[in-house]
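Notes to accompany the following structure.
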Amino acid sequence: MFFICCILLPHDKETLMSPLFIRLIILLFSTLLPTVTHAADTLEPITVQLKWHHQFQFAGLYAAIEQGYFAENGLDVSLIEGKEGVDPANVVVSGQAQYGIGTSELVVSRARGLPVVVMSAIYQHSPYGVAVLKSSGIEYVNDLVGKNMMVEPQAAEILAYLRLEGVELEKIKQHVHSFDVTSLLSGQVDAMSIYQTDEVFSLRKSGVDFQVFTARSGGIDFYGDVLFTTEKEVNNNPQRAKAFLAAFKKGWNYALNNPQQIAELIHQNYNPNKSLDHILFEAEQSRRFILPDLVEFGYIYEGRWRHIANVYASLGIIEPMVDLNHFIYAPDLPIDYARLLKIIIPTLLITLLISLVVAHLYRLNKRLQEEVDWRKQAQRELQAALKKERNLLAILAHDFRTPIAVITAASQLIRSLFPQESSMGMRETNKILSACQRINNLIDSCLEKNHLEPASIKKNFSKINFNTFLDHWLQENRAMYSQRNIILERAKGSIALRGNSHLLKIAFSNLLDNAVKYSPAHGTITLTTAMDGDQLRFEVKDEGAGIKPEENQLIFEKYYRSPETSNTLGAGIGLYAVKEIIESHGGTICSLPDPGGRFLIALPICSNGLKP
């Protein structure tokens, strides 16, 4: 600088003392002085203990070093690569490093007396998981009981997850972690803890089918990697702690915006043994757990740390009511009153607007509440009336069944007295028995509506072998309708349904009863079963007058009777009951256009057939 000044200095006194020249000299010194001062200052050495080998997991640190963010804050940062069995918390507390990268297990370290302080959450969700091969037969996490498993250190959340799922850790054969998926692929172990940002790459590359159980799926949502230090560092070097954290966050933001560049840097300077594709995979997966588009990088919430501590305490890993004072880094920041004012004024205006809206909603709600109270009272009165109706039906059903039972018994006795050749006696007694059965069906139809509520019908469902069900049902009805020509066209193969066989029998019988009632005495009634994808189709077709198109929907309404059937006995309940029963089984029923009567039922079949 002296040489430059000698060249620039004029030789006449008048020019030396001019204001313009003095300003030029001041500008020159002000430009060069920071450079000279900075060169004279020595950067403060800082050591960071990583929790694992060099990879994109620590990309923010590499970016901050490479881009000079630490140096700008007067820090010379060096990194210590993690090793198996080395707990970063112990290294930092011992003074061998000032900062470290750990996991949510830091709250366990704090509970056990280590003065660690968490500063920044790198992963908002933990990438820890448990990997198993699909060929192992392990479908659920509880299947790990009795299996061989590797769980790495600092993965207490995995153990917490297993305990929360009711898995007794004593019944799992735990092995020292090899940190190599070959142990899983070769069958040395049945399961291993992994980082979803890392080992998943190798598992996919192997081409073997696998699945990963995560603590998050079991309701345990912990932070992943966390930057931490000690109370001593925060208290003795507050400015250094602030500067380190600011450069650290800046480095991570750069890494997330330039993943290709940082991945190449890691591959060239830090871990050449890991392929660039593997590092890029880790970069892509890391965004899923960092969530930079949703959450400010490094965000930490005290309530979530208390939840993490409570989970560990509930499982007996630490004592309850852990003191988290000074556990979360909270530097004293100056209050920006101007910014605060910009927040308060809009907040007050929004609060006033919300208050006006709430007052209006309150008045509306009051009127709605009065309407609801009136409707509830009407509903109670309606339920009381329905209860009386059901009680009356039950009484009438009891009174009806007694004489019907007497008539049925007498008819059977009379039929037994006639010789087999007496076709007239047999035919007449069969008519009496058929009429009795029809009345019983009508009573069942009236009463079954009381049991068609969704809450009660489902509990009586069971698996039904439809072919067996159909044979029994048809045998009973052919006995009643021995004079009618009933043809069954059956689909091939076994069919399984899930439902209430008693209700389905009533539905099918009502359709058959209608076909008998409204078709010629010598006409043919055709029953057809067929498979249509995942549905069973059951069709009843007769040679009667059929249903008019305008009545296709009306016939399924309660108590509806067609004017064309006014001279035929009936109460208009049968088809209504059929529709209720079929729909309660997840099926449909409709009347199809045809010269005769034709009804089609569609019911879902069981996907796994007749297997229990």
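Ordering of the structure tokens sets the chain letters (A, B, ...), residue numbers begin anew at 1 in every chain, and ligands are numbered from 1 in the order given.
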Exercise. Fewer than 6 positions away in the same chain doesn't count, so skip those; otherwise give me all residues within 12 Å of Pro320 in chain A, counting only C-alpha atoms, as a PyMOL selection string.
Key: chain A and resi 107-108+111-112+306-314
Would you list, as a short mmCIF file (atom, residue, chain, number, x, y, z; two decimals) with N, CA, C and O atoms, in the first residue's frame, the residues of range 169-252 of chain A that end up in strand (DSSP E) under DSSP run on this structure's backbone?
data_model
loop_
_atom_site.label_atom_id
_atom_site.label_comp_id
_atom_site.auth_asym_id
_atom_site.auth_seq_id
_atom_site.Cartn_x
_atom_site.Cartn_y
_atom_site.Cartn_z
N LYS A 173 -34.43 -61.12 18.93
CA LYS A 173 -33.00 -61.45 19.02
C LYS A 173 -32.20 -60.31 18.38
O LYS A 173 -32.07 -60.22 17.16
N GLN A 174 -31.69 -59.41 19.22
CA GLN A 174 -30.98 -58.24 18.73
C GLN A 174 -29.51 -58.55 18.45
O GLN A 174 -28.86 -59.23 19.24
N HIS A 175 -29.02 -58.02 17.32
CA HIS A 175 -27.64 -58.24 16.91
C HIS A 175 -26.95 -56.89 16.74
O HIS A 175 -27.60 -55.86 16.52
N ALA A 191 -34.51 -58.51 10.04
CA ALA A 191 -34.90 -57.10 9.99
C ALA A 191 -33.72 -56.25 10.43
O ALA A 191 -32.85 -56.71 11.17
N MET A 192 -33.72 -54.98 9.98
CA MET A 192 -32.64 -54.07 10.38
C MET A 192 -33.16 -52.64 10.36
O MET A 192 -34.01 -52.29 9.53
N SER A 193 -32.67 -51.83 11.30
CA SER A 193 -33.03 -50.42 11.28
C SER A 193 -32.24 -49.75 10.16
O SER A 193 -31.08 -50.07 9.91
N ILE A 194 -32.89 -48.82 9.47
CA ILE A 194 -32.27 -48.14 8.33
C ILE A 194 -32.61 -46.65 8.37
O ILE A 194 -33.49 -46.22 9.12
N TYR A 195 -31.90 -45.88 7.56
CA TYR A 195 -32.26 -44.50 7.25
C TYR A 195 -32.90 -44.54 5.87
O TYR A 195 -32.28 -45.01 4.90
N PHE A 210 -39.02 -55.57 -0.77
CA PHE A 210 -38.89 -55.32 0.67
C PHE A 210 -39.96 -54.32 1.09
O PHE A 210 -40.65 -53.71 0.26
N GLN A 211 -40.13 -54.17 2.38
CA GLN A 211 -41.01 -53.15 2.92
C GLN A 211 -40.38 -52.54 4.15
O GLN A 211 -39.50 -53.13 4.77
N VAL A 212 -40.82 -51.33 4.49
CA VAL A 212 -40.24 -50.58 5.60
C VAL A 212 -41.33 -50.19 6.58
O VAL A 212 -42.35 -49.61 6.19
N PHE A 213 -41.16 -50.57 7.86
CA PHE A 213 -42.05 -50.12 8.93
C PHE A 213 -41.48 -48.83 9.50
O PHE A 213 -40.27 -48.74 9.74
N VAL A 226 -30.51 -33.47 14.17
CA VAL A 226 -30.63 -32.23 14.94
C VAL A 226 -29.23 -31.68 15.20
O VAL A 226 -28.32 -32.41 15.62
N LEU A 227 -29.03 -30.37 14.96
CA LEU A 227 -27.79 -29.69 15.34
C LEU A 227 -27.86 -29.35 16.82
O LEU A 227 -28.88 -28.83 17.30
N PHE A 228 -26.78 -29.65 17.56
CA PHE A 228 -26.79 -29.38 19.00
C PHE A 228 -25.42 -28.91 19.46
O PHE A 228 -24.42 -29.03 18.76
N THR A 229 -25.40 -28.35 20.66
CA THR A 229 -24.16 -27.93 21.32
C THR A 229 -24.34 -28.16 22.82
O THR A 229 -25.14 -29.00 23.21
N THR A 230 -23.62 -27.40 23.64
CA THR A 230 -23.73 -27.56 25.10
C THR A 230 -24.10 -26.23 25.73
O THR A 230 -23.96 -25.15 25.12
#
Self-check item: Nearest-residue call for Ile495 in chain A, choices A:Pro604, A:Pro549, A:Gly129, A:Gly597, using only C-alpha atoms
Solution: A:Pro604
Self-check item: All residues 9 Å or closer to Asn142 in chain A, only C-alpha atoms, same chain fewer than 6 positions away omitted, as JSON, numbers by chain
Solution: {"A": [162, 165, 166, 167]}
What does the file look like for those residues with C-alpha atoms, as a PDB file, in the first residue's frame?
ATOM      1  CA  LEU A 162     -41.831 -51.442  18.891  1.00  0.00           C
ATOM      2  CA  GLU A 165     -46.964 -51.538  19.156  1.00  0.00           C
ATOM      3  CA  GLY A 166     -46.895 -54.076  21.996  1.00  0.00           C
ATOM      4  CA  VAL A 167     -43.756 -55.900  20.871  1.00  0.00           C
TER       5      VAL A 167
END
Could you give me, as an mmCIF file with C-alpha atoms, in the first residue's frame, the residues within 9 Å of Leu144 in chain A, counting only C-alpha atoms and dropping anything in the same chain fewer than 4 positions from it?
data_model
loop_
_atom_site.group_PDB
_atom_site.id
_atom_site.type_symbol
_atom_site.label_atom_id
_atom_site.label_comp_id
_atom_site.auth_asym_id
_atom_site.auth_seq_id
_atom_site.Cartn_x
_atom_site.Cartn_y
_atom_site.Cartn_z
ATOM 1 C CA ILE A 138 -43.126 -60.553 8.152
ATOM 2 C CA TYR A 140 -46.827 -56.678 10.472
ATOM 3 C CA ASN A 148 -33.208 -61.678 14.339
ATOM 4 C CA MET A 149 -32.913 -57.898 14.137
ATOM 5 C CA VAL A 167 -43.756 -55.900 20.871
ATOM 6 C CA LYS A 171 -38.441 -61.598 22.567
ATOM 7 C CA ILE A 172 -36.488 -60.072 19.656
ATOM 8 C CA ASP A 190 -34.672 -60.861 9.415
ATOM 9 C CA ALA A 191 -34.899 -57.101 9.989
#
Practice problem: Mind checking which residues fall within 9 Å of Lys579 in chain A, counting only C-alpha atoms, ignoring those fewer than 2 positions away in the same chain, and posting them as a ChimeraX atom specification? | Solution: /A:507,556-557,574-577,581-584,587-590
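Each of A:Val77, A:Ala496, A:Leu348, A:Ile464 was checked against Ala63 in chain A using only C-alpha atoms; the smallest atom-to-atom distance is that of A:Val77.
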Quiz item: Out of A:Ala241, A:Val132, A:Leu349, A:Leu159, which residue has the shortest atom-to-atom distance to Gln188 in chain A when counting only C-alpha atoms?
Solution: A:Val132
Practice problem: Identify, with DSSP run on backbone atoms, the residues in range 461-589 of chain A assigned to alpha helix (DSSP H), and express the list as a VMD selection string. | Solution: chain A and resid 466 to 480 501 to 517 574 to 584
